[in-house]
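Participant: Sharing model_1.cif below, mmCIF, N, CA and C atoms:
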data_run
loop_
_atom_site.label_atom_id
_atom_site.label_comp_id
_atom_site.auth_asym_id
_atom_site.auth_seq_id
_atom_site.Cartn_x
_atom_site.Cartn_y
_atom_site.Cartn_z
N MET S 1 24.43 312.06 91.92
CA MET S 1 24.90 313.11 92.78
C MET S 1 23.77 313.67 93.61
N SER S 2 24.08 314.51 94.52
CA SER S 2 23.06 315.05 95.39
C SER S 2 22.12 315.96 94.63
N LEU S 3 20.94 316.09 95.14
CA LEU S 3 19.94 316.98 94.58
C LEU S 3 20.17 318.38 95.11
N ASP S 4 19.42 319.36 94.60
CA ASP S 4 19.54 320.72 95.11
C ASP S 4 19.20 320.79 96.59
N VAL S 5 18.22 320.00 97.00
CA VAL S 5 17.82 319.94 98.40
C VAL S 5 18.41 318.66 98.97
N PRO S 6 19.29 318.76 99.98
CA PRO S 6 19.90 317.55 100.52
C PRO S 6 18.87 316.64 101.18
N PRO S 7 19.07 315.31 101.05
CA PRO S 7 18.14 314.39 101.70
C PRO S 7 18.28 314.45 103.21
N PRO S 8 17.25 314.04 103.91
CA PRO S 8 17.31 314.06 105.38
C PRO S 8 18.09 312.85 105.91
N PHE S 9 19.39 312.99 105.95
CA PHE S 9 20.23 311.89 106.43
C PHE S 9 19.87 311.56 107.88
N THR S 10 19.97 310.28 108.21
CA THR S 10 19.66 309.87 109.58
C THR S 10 20.86 309.95 110.50
N HIS S 11 22.05 310.16 109.94
CA HIS S 11 23.26 310.21 110.76
C HIS S 11 24.27 311.14 110.09
N PRO S 12 25.05 311.88 110.87
CA PRO S 12 26.05 312.78 110.29
C PRO S 12 27.07 312.08 109.39
N VAL S 13 27.37 310.81 109.66
CA VAL S 13 28.32 310.07 108.84
C VAL S 13 27.80 309.94 107.41
N GLU S 14 26.49 309.78 107.26
CA GLU S 14 25.90 309.68 105.92
C GLU S 14 26.11 310.99 105.15
N ALA S 15 25.93 312.10 105.82
CA ALA S 15 26.12 313.40 105.18
C ALA S 15 27.58 313.57 104.75
N GLU S 16 28.51 313.15 105.58
CA GLU S 16 29.93 313.25 105.23
C GLU S 16 30.27 312.33 104.06
N PHE S 17 29.71 311.14 104.06
CA PHE S 17 29.94 310.20 102.96
C PHE S 17 29.42 310.80 101.65
N ALA S 18 28.25 311.40 101.69
CA ALA S 18 27.69 312.06 100.50
C ALA S 18 28.58 313.20 100.04
N ARG S 19 29.12 313.96 100.98
CA ARG S 19 30.02 315.06 100.65
C ARG S 19 31.27 314.57 99.93
N ILE S 20 31.82 313.44 100.40
CA ILE S 20 33.00 312.85 99.76
C ILE S 20 32.64 312.40 98.34
N LEU S 21 31.50 311.75 98.20
CA LEU S 21 31.07 311.31 96.86
C LEU S 21 30.89 312.52 95.94
N ASP S 22 30.27 313.57 96.44
CA ASP S 22 30.08 314.78 95.63
C ASP S 22 31.42 315.39 95.22
N PHE S 23 32.34 315.43 96.16
CA PHE S 23 33.66 316.02 95.88
C PHE S 23 34.34 315.32 94.70
N TYR S 24 34.19 313.99 94.65
CA TYR S 24 34.81 313.22 93.58
C TYR S 24 33.89 313.04 92.37
N GLY S 25 32.74 313.67 92.39
CA GLY S 25 31.84 313.59 91.25
C GLY S 25 31.22 312.22 91.04
N ILE S 26 31.06 311.48 92.12
CA ILE S 26 30.49 310.14 92.05
C ILE S 26 28.97 310.26 92.25
N PRO S 27 28.20 309.91 91.23
CA PRO S 27 26.74 309.97 91.38
C PRO S 27 26.26 309.01 92.47
N TRP S 28 25.25 309.44 93.22
CA TRP S 28 24.71 308.61 94.29
C TRP S 28 23.23 308.90 94.48
N GLU S 29 22.57 307.93 95.08
CA GLU S 29 21.17 308.08 95.48
C GLU S 29 21.09 307.66 96.94
N TYR S 30 20.24 308.34 97.70
CA TYR S 30 20.11 308.04 99.12
C TYR S 30 18.88 307.17 99.36
N GLU S 31 19.11 305.99 99.92
CA GLU S 31 18.05 305.02 100.25
C GLU S 31 17.01 304.91 99.14
N PRO S 32 17.44 304.59 97.91
CA PRO S 32 16.50 304.59 96.79
C PRO S 32 15.61 303.35 96.71
N ARG S 33 15.99 302.29 97.41
CA ARG S 33 15.23 301.05 97.26
C ARG S 33 15.17 300.31 98.59
N THR S 34 14.03 299.70 98.81
CA THR S 34 13.85 298.83 99.98
C THR S 34 13.68 297.41 99.48
N PHE S 35 14.48 296.51 100.02
CA PHE S 35 14.43 295.10 99.65
C PHE S 35 13.62 294.33 100.68
N VAL S 36 12.65 293.58 100.23
CA VAL S 36 11.87 292.73 101.12
C VAL S 36 12.71 291.51 101.45
N LEU S 37 12.86 291.24 102.75
CA LEU S 37 13.67 290.11 103.20
C LEU S 37 12.83 288.97 103.75
N ALA S 38 11.63 289.27 104.24
CA ALA S 38 10.78 288.22 104.79
C ALA S 38 9.32 288.67 104.76
N ARG S 39 8.44 287.69 104.61
CA ARG S 39 6.99 287.92 104.63
C ARG S 39 6.35 286.88 105.55
N ASP S 40 5.20 287.25 106.11
CA ASP S 40 4.46 286.29 106.91
C ASP S 40 3.58 285.43 105.99
N ALA S 41 2.80 284.54 106.58
CA ALA S 41 1.96 283.61 105.81
C ALA S 41 0.95 284.34 104.92
N ARG S 42 0.55 285.55 105.30
CA ARG S 42 -0.42 286.33 104.51
C ARG S 42 0.25 287.18 103.43
N GLY S 43 1.57 287.14 103.40
CA GLY S 43 2.28 287.93 102.40
C GLY S 43 2.67 289.32 102.87
N ASN S 44 2.38 289.63 104.13
CA ASN S 44 2.77 290.93 104.67
C ASN S 44 4.28 290.98 104.91
N ILE S 45 4.87 292.10 104.63
CA ILE S 45 6.31 292.26 104.83
C ILE S 45 6.60 292.28 106.33
N THR S 46 7.52 291.41 106.75
CA THR S 46 7.90 291.36 108.16
C THR S 46 9.34 291.82 108.38
N GLN S 47 10.11 291.83 107.30
CA GLN S 47 11.48 292.33 107.40
C GLN S 47 11.89 292.91 106.06
N ALA S 48 12.51 294.09 106.12
CA ALA S 48 12.97 294.75 104.91
C ALA S 48 14.29 295.46 105.22
N PHE S 49 14.97 295.86 104.15
CA PHE S 49 16.27 296.50 104.30
C PHE S 49 16.43 297.56 103.23
N SER S 50 16.78 298.77 103.64
CA SER S 50 17.03 299.88 102.72
C SER S 50 18.48 300.33 102.89
N PRO S 51 19.38 299.89 102.00
CA PRO S 51 20.77 300.34 102.11
C PRO S 51 20.85 301.87 102.01
N ASP S 52 21.87 302.44 102.65
CA ASP S 52 21.99 303.88 102.74
C ASP S 52 22.19 304.57 101.39
N PHE S 53 23.04 304.02 100.56
CA PHE S 53 23.38 304.67 99.30
C PHE S 53 23.36 303.67 98.15
N TYR S 54 23.10 304.21 96.96
CA TYR S 54 23.29 303.45 95.73
C TYR S 54 24.18 304.28 94.83
N LEU S 55 25.24 303.65 94.32
CA LEU S 55 26.17 304.30 93.41
C LEU S 55 25.92 303.71 92.02
N PRO S 56 25.11 304.41 91.20
CA PRO S 56 24.70 303.82 89.91
C PRO S 56 25.84 303.51 88.96
N ASP S 57 26.88 304.33 88.92
CA ASP S 57 27.99 304.06 88.00
C ASP S 57 28.74 302.79 88.38
N GLN S 58 28.72 302.43 89.65
CA GLN S 58 29.37 301.21 90.12
C GLN S 58 28.37 300.06 90.30
N ASP S 59 27.09 300.36 90.13
CA ASP S 59 26.02 299.39 90.40
C ASP S 59 26.24 298.76 91.78
N LEU S 60 26.41 299.64 92.78
CA LEU S 60 26.77 299.20 94.12
C LEU S 60 25.92 299.89 95.17
N TYR S 61 25.36 299.10 96.08
CA TYR S 61 24.67 299.64 97.26
C TYR S 61 25.70 299.70 98.38
N VAL S 62 25.60 300.74 99.20
CA VAL S 62 26.52 300.92 100.32
C VAL S 62 25.70 301.11 101.59
N GLU S 63 26.06 300.35 102.60
CA GLU S 63 25.46 300.49 103.93
C GLU S 63 26.56 300.94 104.88
N LEU S 64 26.27 301.96 105.66
CA LEU S 64 27.22 302.48 106.64
C LEU S 64 26.75 302.10 108.04
N THR S 65 27.68 301.75 108.90
CA THR S 65 27.31 301.51 110.29
C THR S 65 28.42 302.00 111.21
N THR S 66 28.02 302.67 112.27
CA THR S 66 28.98 303.12 113.29
C THR S 66 28.85 302.28 114.56
N MET S 67 28.09 301.19 114.46
CA MET S 67 27.94 300.30 115.62
C MET S 67 29.28 299.66 115.96
N LEU S 68 29.43 299.34 117.21
CA LEU S 68 30.62 298.61 117.65
C LEU S 68 30.57 297.20 117.05
N PRO S 69 31.73 296.60 116.80
CA PRO S 69 31.77 295.29 116.14
C PRO S 69 30.85 294.23 116.76
N ASN S 70 30.73 294.21 118.08
CA ASN S 70 29.90 293.20 118.72
C ASN S 70 28.40 293.49 118.59
N GLN S 71 28.04 294.61 117.98
CA GLN S 71 26.62 294.98 117.87
C GLN S 71 26.09 294.93 116.44
N ILE S 72 26.92 294.57 115.48
CA ILE S 72 26.47 294.64 114.09
C ILE S 72 25.93 293.32 113.55
N ARG S 73 25.75 292.35 114.41
CA ARG S 73 25.25 291.04 113.99
C ARG S 73 23.93 291.16 113.23
N HIS S 74 23.03 292.00 113.73
CA HIS S 74 21.71 292.18 113.11
C HIS S 74 21.85 292.71 111.68
N LYS S 75 22.72 293.69 111.49
CA LYS S 75 22.93 294.27 110.16
C LYS S 75 23.59 293.25 109.23
N ASN S 76 24.54 292.49 109.75
CA ASN S 76 25.19 291.45 108.94
C ASN S 76 24.18 290.40 108.48
N ARG S 77 23.25 290.04 109.36
CA ARG S 77 22.23 289.06 109.00
C ARG S 77 21.35 289.58 107.86
N LYS S 78 20.98 290.86 107.94
CA LYS S 78 20.15 291.44 106.88
C LYS S 78 20.89 291.45 105.54
N ILE S 79 22.15 291.78 105.57
CA ILE S 79 22.93 291.81 104.33
C ILE S 79 23.09 290.39 103.78
N LYS S 80 23.31 289.43 104.66
CA LYS S 80 23.42 288.04 104.21
C LYS S 80 22.12 287.58 103.57
N ARG S 81 21.00 287.93 104.19
CA ARG S 81 19.69 287.55 103.64
C ARG S 81 19.44 288.25 102.31
N LEU S 82 19.82 289.52 102.20
CA LEU S 82 19.67 290.24 100.95
C LEU S 82 20.46 289.53 99.84
N ARG S 83 21.67 289.12 100.13
CA ARG S 83 22.50 288.42 99.14
C ARG S 83 21.90 287.08 98.73
N GLU S 84 21.24 286.40 99.68
CA GLU S 84 20.58 285.13 99.35
C GLU S 84 19.39 285.34 98.42
N LEU S 85 18.58 286.36 98.71
CA LEU S 85 17.36 286.60 97.93
C LEU S 85 17.60 287.37 96.64
N TYR S 86 18.62 288.21 96.64
CA TYR S 86 18.90 289.07 95.48
C TYR S 86 20.39 288.92 95.11
N PRO S 87 20.78 287.76 94.58
CA PRO S 87 22.21 287.54 94.30
C PRO S 87 22.79 288.49 93.26
N GLU S 88 21.93 289.12 92.48
CA GLU S 88 22.41 290.07 91.47
C GLU S 88 22.76 291.44 92.05
N ILE S 89 22.42 291.67 93.31
CA ILE S 89 22.66 292.96 93.96
C ILE S 89 24.05 292.99 94.58
N ASN S 90 24.80 294.02 94.27
CA ASN S 90 26.13 294.24 94.86
C ASN S 90 25.97 295.19 96.04
N ILE S 91 26.46 294.77 97.18
CA ILE S 91 26.36 295.61 98.38
C ILE S 91 27.65 295.52 99.18
N LYS S 92 28.02 296.66 99.74
CA LYS S 92 29.23 296.75 100.57
C LYS S 92 28.86 297.38 101.90
N LEU S 93 29.27 296.75 102.99
CA LEU S 93 29.06 297.29 104.32
C LEU S 93 30.33 297.99 104.77
N PHE S 94 30.21 299.28 105.07
CA PHE S 94 31.31 300.03 105.65
C PHE S 94 31.10 300.05 107.16
N LYS S 95 32.00 299.38 107.88
CA LYS S 95 31.89 299.30 109.34
C LYS S 95 32.58 300.49 109.98
N ARG S 96 32.45 300.58 111.26
CA ARG S 96 33.00 301.69 112.04
C ARG S 96 34.46 301.98 111.71
N GLY S 97 35.30 300.94 111.66
CA GLY S 97 36.71 301.12 111.36
C GLY S 97 36.94 301.62 109.94
N ASP S 98 36.13 301.11 109.00
CA ASP S 98 36.23 301.57 107.61
C ASP S 98 35.89 303.06 107.52
N ILE S 99 34.84 303.45 108.23
CA ILE S 99 34.40 304.85 108.22
C ILE S 99 35.45 305.73 108.88
N ARG S 100 36.01 305.26 109.98
CA ARG S 100 37.06 306.03 110.66
C ARG S 100 38.24 306.26 109.72
N SER S 101 38.66 305.21 109.01
CA SER S 101 39.77 305.33 108.06
C SER S 101 39.44 306.31 106.94
N LEU S 102 38.23 306.24 106.45
CA LEU S 102 37.78 307.14 105.40
C LEU S 102 37.80 308.59 105.88
N MET S 103 37.32 308.81 107.09
CA MET S 103 37.29 310.16 107.65
C MET S 103 38.70 310.71 107.83
N ILE S 104 39.61 309.88 108.31
CA ILE S 104 41.00 310.32 108.49
C ILE S 104 41.62 310.65 107.14
N LYS S 105 41.38 309.80 106.16
CA LYS S 105 41.95 310.00 104.83
C LYS S 105 41.49 311.33 104.23
N PHE S 106 40.25 311.71 104.50
CA PHE S 106 39.70 312.93 103.91
C PHE S 106 39.72 314.12 104.87
N GLY S 107 40.46 313.98 105.97
CA GLY S 107 40.67 315.10 106.87
C GLY S 107 39.44 315.52 107.65
N ILE S 108 38.54 314.59 107.89
CA ILE S 108 37.35 314.89 108.68
C ILE S 108 37.65 314.48 110.11
N ASP S 109 37.82 315.46 110.96
CA ASP S 109 38.25 315.19 112.33
C ASP S 109 37.12 315.50 113.30
N ASP S 110 36.19 314.58 113.41
CA ASP S 110 35.06 314.76 114.32
C ASP S 110 34.81 313.43 115.03
N PRO S 111 35.56 313.16 116.10
CA PRO S 111 35.44 311.87 116.78
C PRO S 111 34.04 311.60 117.32
N ASP S 112 33.27 312.65 117.61
CA ASP S 112 31.91 312.45 118.13
C ASP S 112 30.98 311.84 117.08
N MET S 113 31.32 312.02 115.82
CA MET S 113 30.46 311.54 114.74
C MET S 113 30.28 310.04 114.79
N LEU S 114 31.27 309.31 115.28
CA LEU S 114 31.19 307.86 115.31
C LEU S 114 30.55 307.33 116.58
N HIS S 115 30.26 308.18 117.54
CA HIS S 115 29.70 307.70 118.81
C HIS S 115 28.21 307.40 118.74
N ASN S 116 27.47 308.11 117.91
CA ASN S 116 26.05 307.83 117.75
C ASN S 116 25.90 306.67 116.79
N GLU S 117 25.12 305.68 117.17
CA GLU S 117 24.99 304.48 116.35
C GLU S 117 24.14 304.73 115.13
N LEU S 118 24.55 304.07 114.07
CA LEU S 118 23.85 304.14 112.80
C LEU S 118 23.51 302.76 112.36
#
Can you give me the file's structure in the form of C-alpha cells?

Facilitator:
Amino acid sequence: MSLDVPPPFTHPVEAEFARILDFYGIPWEYEPRTFVLARDARGNITQAFSPDFYLPDQDLYVELTTMLPNQIRHKNRKIKRLRELYPEINIKLFKRGDIRSLMIKFGIDDPDMLHNEL
C-alpha cells in the first residue's frame, strides 16, 4: 500500500491507479525495481525498464501507458525483452483503452488525464 508520503508519480494516471489500489486494500510498490535489458561490450547498461507498479500479493508488475496505439511499439519491445530475459517475472501492460475503461468503471471523469503521454 502507499506510504505516508505519496511517491512522486510521473503522471496523474499513476496517482489514480494507486488510489484505486488503496481503496481496495491492494498492497503496491511504485517503481520498486529496474530490470536491465541490454548492456554494451564493457558491461555498461544501455537499456533498462522500471515498471510503474508492483503488486506483491499478486506477484505482478504493472506498466501503464496513455500513448496512442500506434506509439506504444517502444514500450511493447521493452516488455517483450523483459519477458525474454526474466521469464519468471509477471507483467501486465495497461494500455490507453484499458485505463479509460478502468477510469469509467471507478467514476473518474477526467478526459484530460489521458492526453498527456505516459

Participant: At what distance in Å, to one decimal, does atom CA of Phe49 of chain S lie from atom CA of Phe35 of chain S?

Facilitator: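 Those two atoms sit 5.2 Å apart.
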
Participant: May I have the protein, DNA and RNA residues with any atom at most 8 Å from the point (26.6, 297.0, 107.4), counting only N, CA and C atoms, written as number ranges by chain?

Facilitator: S: 62-66, 72, 74-77, 79, 92-96

Participant: Name the residues captured by the PyMOL selection byres (((chain S and resi 29 and name CA) around 7) and name CA) when it is applied to the shown file; answer as a PDB file with N, CA and C atoms, in the coordinates of the input.

Facilitator:
ATOM      1  N   MET S   1      24.430 312.060  91.920  1.00  0.00           N
ATOM      2  CA  MET S   1      24.900 313.110  92.780  1.00  0.00           C
ATOM      3  C   MET S   1      23.770 313.670  93.610  1.00  0.00           C
ATOM      4  N   TRP S  28      25.250 309.440  93.220  1.00  0.00           N
ATOM      5  CA  TRP S  28      24.710 308.610  94.290  1.00  0.00           C
ATOM      6  C   TRP S  28      23.230 308.900  94.480  1.00  0.00           C
ATOM      7  N   TYR S  30      20.240 308.340  97.700  1.00  0.00           N
ATOM      8  CA  TYR S  30      20.110 308.040  99.120  1.00  0.00           C
ATOM      9  C   TYR S  30      18.880 307.170  99.360  1.00  0.00           C
ATOM     10  N   GLU S  31      19.110 305.990  99.920  1.00  0.00           N
ATOM     11  CA  GLU S  31      18.050 305.020 100.250  1.00  0.00           C
ATOM     12  C   GLU S  31      17.010 304.910  99.140  1.00  0.00           C
ATOM     13  N   PRO S  32      17.440 304.590  97.910  1.00  0.00           N
ATOM     14  CA  PRO S  32      16.500 304.590  96.790  1.00  0.00           C
ATOM     15  C   PRO S  32      15.610 303.350  96.710  1.00  0.00           C
ATOM     16  N   PHE S  53      23.040 304.020 100.560  1.00  0.00           N
ATOM     17  CA  PHE S  53      23.380 304.670  99.300  1.00  0.00           C
ATOM     18  C   PHE S  53      23.360 303.670  98.150  1.00  0.00           C
ATOM     19  N   TYR S  54      23.100 304.210  96.960  1.00  0.00           N
ATOM     20  CA  TYR S  54      23.290 303.450  95.730  1.00  0.00           C
ATOM     21  C   TYR S  54      24.180 304.280  94.830  1.00  0.00           C
ATOM     22  N   LEU S  55      25.240 303.650  94.320  1.00  0.00           N
ATOM     23  CA  LEU S  55      26.170 304.300  93.410  1.00  0.00           C
ATOM     24  C   LEU S  55      25.920 303.710  92.020  1.00  0.00           C
TER      25      LEU S  55
END

Participant: Could you put an axis-aligned box around every listed atom of segment 51-59 of chain S, padded by 5 Å on each side, and send me its centre and edge lengths in Å to one decimal, as JSON?

Facilitator:
{"center_x": 24.4, "center_y": 301.7, "center_z": 95.4, "size_x": 20.0, "size_y": 15.9, "size_z": 24.7}

Participant: DSSP on the backbone, strand (DSSP E or B) only: what residues of segment 40-71 of chain S does that give? Format it as a list in words.

Facilitator: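 Restricting segment 40-71 of chain S to strand (DSSP E or B) produces Ile45, Thr46, Gln47, Ala48, Phe49, Phe53, Tyr54, Leu55, Leu60, Tyr61, Val62, Glu63 and Leu64 of chain S.
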
Participant: Given only C-alpha atoms as the basis, pick out the residue of S:Tyr24, S:Glu84, S:Ile104, S:Pro56 nearest to Ala38 of chain S.

Facilitator: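 Under the stated criterion, the closest residue is S:Glu84.
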
Participant: Separation of atom C of Tyr61 of chain S and atom C of Asp40 of chain S, in Å?

Facilitator: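 For atom C of Tyr61 of chain S relative to atom C of Asp40 of chain S, the distance reads 27.4 Å.
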
Participant: What does the structure give for the distance between atom N of Asn44 of chain S and atom C of Arg73 of chain S, in Å to one decimal?

Facilitator: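 Computing the Euclidean distance for atom N of Asn44 of chain S and atom C of Arg73 of chain S yields 23.4 Å.
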
Participant: Quick check for you: according to DSSP on this backbone, which residues of segment 26-89 of chain S are classed as helix (DSSP H, G or I)? Reply as a PDB file with N, CA and C atoms, in the frame of the given file.

Facilitator:
ATOM      1  N   PRO S  69      31.730 296.600 116.800  1.00  0.00           N
ATOM      2  CA  PRO S  69      31.770 295.290 116.140  1.00  0.00           C
ATOM      3  C   PRO S  69      30.850 294.230 116.760  1.00  0.00           C
ATOM      4  N   ASN S  70      30.730 294.210 118.080  1.00  0.00           N
ATOM      5  CA  ASN S  70      29.900 293.200 118.720  1.00  0.00           C
ATOM      6  C   ASN S  70      28.400 293.490 118.590  1.00  0.00           C
ATOM      7  N   GLN S  71      28.040 294.610 117.980  1.00  0.00           N
ATOM      8  CA  GLN S  71      26.620 294.980 117.870  1.00  0.00           C
ATOM      9  C   GLN S  71      26.090 294.930 116.440  1.00  0.00           C
ATOM     10  N   ARG S  73      25.750 292.350 114.410  1.00  0.00           N
ATOM     11  CA  ARG S  73      25.250 291.040 113.990  1.00  0.00           C
ATOM     12  C   ARG S  73      23.930 291.160 113.230  1.00  0.00           C
ATOM     13  N   HIS S  74      23.030 292.000 113.730  1.00  0.00           N
ATOM     14  CA  HIS S  74      21.710 292.180 113.110  1.00  0.00           C
ATOM     15  C   HIS S  74      21.850 292.710 111.680  1.00  0.00           C
ATOM     16  N   LYS S  75      22.720 293.690 111.490  1.00  0.00           N
ATOM     17  CA  LYS S  75      22.930 294.270 110.160  1.00  0.00           C
ATOM     18  C   LYS S  75      23.590 293.250 109.230  1.00  0.00           C
ATOM     19  N   ASN S  76      24.540 292.490 109.750  1.00  0.00           N
ATOM     20  CA  ASN S  76      25.190 291.450 108.940  1.00  0.00           C
ATOM     21  C   ASN S  76      24.180 290.400 108.480  1.00  0.00           C
ATOM     22  N   ARG S  77      23.250 290.040 109.360  1.00  0.00           N
ATOM     23  CA  ARG S  77      22.230 289.060 109.000  1.00  0.00           C
ATOM     24  C   ARG S  77      21.350 289.580 107.860  1.00  0.00           C
ATOM     25  N   LYS S  78      20.980 290.860 107.940  1.00  0.00           N
ATOM     26  CA  LYS S  78      20.150 291.440 106.880  1.00  0.00           C
ATOM     27  C   LYS S  78      20.890 291.450 105.540  1.00  0.00           C
ATOM     28  N   ILE S  79      22.150 291.780 105.570  1.00  0.00           N
ATOM     29  CA  ILE S  79      22.930 291.810 104.330  1.00  0.00           C
ATOM     30  C   ILE S  79      23.090 290.390 103.780  1.00  0.00           C
ATOM     31  N   LYS S  80      23.310 289.430 104.660  1.00  0.00           N
ATOM     32  CA  LYS S  80      23.420 288.040 104.210  1.00  0.00           C
ATOM     33  C   LYS S  80      22.120 287.580 103.570  1.00  0.00           C
ATOM     34  N   ARG S  81      21.000 287.930 104.190  1.00  0.00           N
ATOM     35  CA  ARG S  81      19.690 287.550 103.640  1.00  0.00           C
ATOM     36  C   ARG S  81      19.440 288.250 102.310  1.00  0.00           C
ATOM     37  N   LEU S  82      19.820 289.520 102.200  1.00  0.00           N
ATOM     38  CA  LEU S  82      19.670 290.240 100.950  1.00  0.00           C
ATOM     39  C   LEU S  82      20.460 289.530  99.840  1.00  0.00           C
ATOM     40  N   ARG S  83      21.670 289.120 100.130  1.00  0.00           N
ATOM     41  CA  ARG S  83      22.500 288.420  99.140  1.00  0.00           C
ATOM     42  C   ARG S  83      21.900 287.080  98.730  1.00  0.00           C
ATOM     43  N   GLU S  84      21.240 286.400  99.680  1.00  0.00           N
ATOM     44  CA  GLU S  84      20.580 285.130  99.350  1.00  0.00           C
ATOM     45  C   GLU S  84      19.390 285.340  98.420  1.00  0.00           C
ATOM     46  N   LEU S  85      18.580 286.360  98.710  1.00  0.00           N
ATOM     47  CA  LEU S  85      17.360 286.600  97.930  1.00  0.00           C
ATOM     48  C   LEU S  85      17.600 287.370  96.640  1.00  0.00           C
TER      49      LEU S  85
END

Participant: Given all atoms listed in the file as the basis, pick out the residue of S:Gln58, S:Met103, S:Gly43, S:Glu14 nearest to Asn90 of chain S.

Facilitator: S:Gln58

Participant: Taking the file as shown, what set of residues would the PyMOL selection byres (((chain S and resi 20 and name CA) around 12) and name CA) give back, as an mmCIF file with N, CA and C atoms, in the coordinates of the input?

Facilitator:
data_model
loop_
_atom_site.group_PDB
_atom_site.id
_atom_site.type_symbol
_atom_site.label_atom_id
_atom_site.label_comp_id
_atom_site.auth_asym_id
_atom_site.auth_seq_id
_atom_site.Cartn_x
_atom_site.Cartn_y
_atom_site.Cartn_z
ATOM 1 N N MET S 1 24.430 312.060 91.920
ATOM 2 C CA MET S 1 24.900 313.110 92.780
ATOM 3 C C MET S 1 23.770 313.670 93.610
ATOM 4 N N SER S 2 24.080 314.510 94.520
ATOM 5 C CA SER S 2 23.060 315.050 95.390
ATOM 6 C C SER S 2 22.120 315.960 94.630
ATOM 7 N N VAL S 13 27.370 310.810 109.660
ATOM 8 C CA VAL S 13 28.320 310.070 108.840
ATOM 9 C C VAL S 13 27.800 309.940 107.410
ATOM 10 N N GLU S 14 26.490 309.780 107.260
ATOM 11 C CA GLU S 14 25.900 309.680 105.920
ATOM 12 C C GLU S 14 26.110 310.990 105.150
ATOM 13 N N ALA S 15 25.930 312.100 105.820
ATOM 14 C CA ALA S 15 26.120 313.400 105.180
ATOM 15 C C ALA S 15 27.580 313.570 104.750
ATOM 16 N N GLU S 16 28.510 313.150 105.580
ATOM 17 C CA GLU S 16 29.930 313.250 105.230
ATOM 18 C C GLU S 16 30.270 312.330 104.060
ATOM 19 N N PHE S 17 29.710 311.140 104.060
ATOM 20 C CA PHE S 17 29.940 310.200 102.960
ATOM 21 C C PHE S 17 29.420 310.800 101.650
ATOM 22 N N ALA S 18 28.250 311.400 101.690
ATOM 23 C CA ALA S 18 27.690 312.060 100.500
ATOM 24 C C ALA S 18 28.580 313.200 100.040
ATOM 25 N N ARG S 19 29.120 313.960 100.980
ATOM 26 C CA ARG S 19 30.020 315.060 100.650
ATOM 27 C C ARG S 19 31.270 314.570 99.930
ATOM 28 N N LEU S 21 31.500 311.750 98.200
ATOM 29 C CA LEU S 21 31.070 311.310 96.860
ATOM 30 C C LEU S 21 30.890 312.520 95.940
ATOM 31 N N ASP S 22 30.270 313.570 96.440
ATOM 32 C CA ASP S 22 30.080 314.780 95.630
ATOM 33 C C ASP S 22 31.420 315.390 95.220
ATOM 34 N N PHE S 23 32.340 315.430 96.160
ATOM 35 C CA PHE S 23 33.660 316.020 95.880
ATOM 36 C C PHE S 23 34.340 315.320 94.700
ATOM 37 N N TYR S 24 34.190 313.990 94.650
ATOM 38 C CA TYR S 24 34.810 313.220 93.580
ATOM 39 C C TYR S 24 33.890 313.040 92.370
ATOM 40 N N GLY S 25 32.740 313.670 92.390
ATOM 41 C CA GLY S 25 31.840 313.590 91.250
ATOM 42 C C GLY S 25 31.220 312.220 91.040
ATOM 43 N N ILE S 26 31.060 311.480 92.120
ATOM 44 C CA ILE S 26 30.490 310.140 92.050
ATOM 45 C C ILE S 26 28.970 310.260 92.250
ATOM 46 N N PRO S 27 28.200 309.910 91.230
ATOM 47 C CA PRO S 27 26.740 309.970 91.380
ATOM 48 C C PRO S 27 26.260 309.010 92.470
ATOM 49 N N TRP S 28 25.250 309.440 93.220
ATOM 50 C CA TRP S 28 24.710 308.610 94.290
ATOM 51 C C TRP S 28 23.230 308.900 94.480
ATOM 52 N N ILE S 99 34.840 303.450 108.230
ATOM 53 C CA ILE S 99 34.400 304.850 108.220
ATOM 54 C C ILE S 99 35.450 305.730 108.880
ATOM 55 N N LEU S 102 38.230 306.240 106.450
ATOM 56 C CA LEU S 102 37.780 307.140 105.400
ATOM 57 C C LEU S 102 37.800 308.590 105.880
ATOM 58 N N MET S 103 37.320 308.810 107.090
ATOM 59 C CA MET S 103 37.290 310.160 107.650
ATOM 60 C C MET S 103 38.700 310.710 107.830
ATOM 61 N N LYS S 105 41.380 309.800 106.160
ATOM 62 C CA LYS S 105 41.950 310.000 104.830
ATOM 63 C C LYS S 105 41.490 311.330 104.230
ATOM 64 N N PHE S 106 40.250 311.710 104.500
ATOM 65 C CA PHE S 106 39.700 312.930 103.910
ATOM 66 C C PHE S 106 39.720 314.120 104.870
ATOM 67 N N GLY S 107 40.460 313.980 105.970
ATOM 68 C CA GLY S 107 40.670 315.100 106.870
ATOM 69 C C GLY S 107 39.440 315.520 107.650
ATOM 70 N N ILE S 108 38.540 314.590 107.890
ATOM 71 C CA ILE S 108 37.350 314.890 108.680
ATOM 72 C C ILE S 108 37.650 314.480 110.110
#

Participant: Determine the nearest neighbour of Val36 of chain S from the options S:Thr10, S:Lys78, S:Pro87, S:Asp98, counting only C-alpha atoms.

Facilitator: S:Lys78

Participant: Looking at only C-alpha atoms, which of S:Asp57, S:Gly97, S:Leu37, S:Gln47 is the one that sits closest to Lys80 of chain S?

Facilitator: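 Of the candidates, the smallest distance to Lys80 of chain S is held by S:Leu37.
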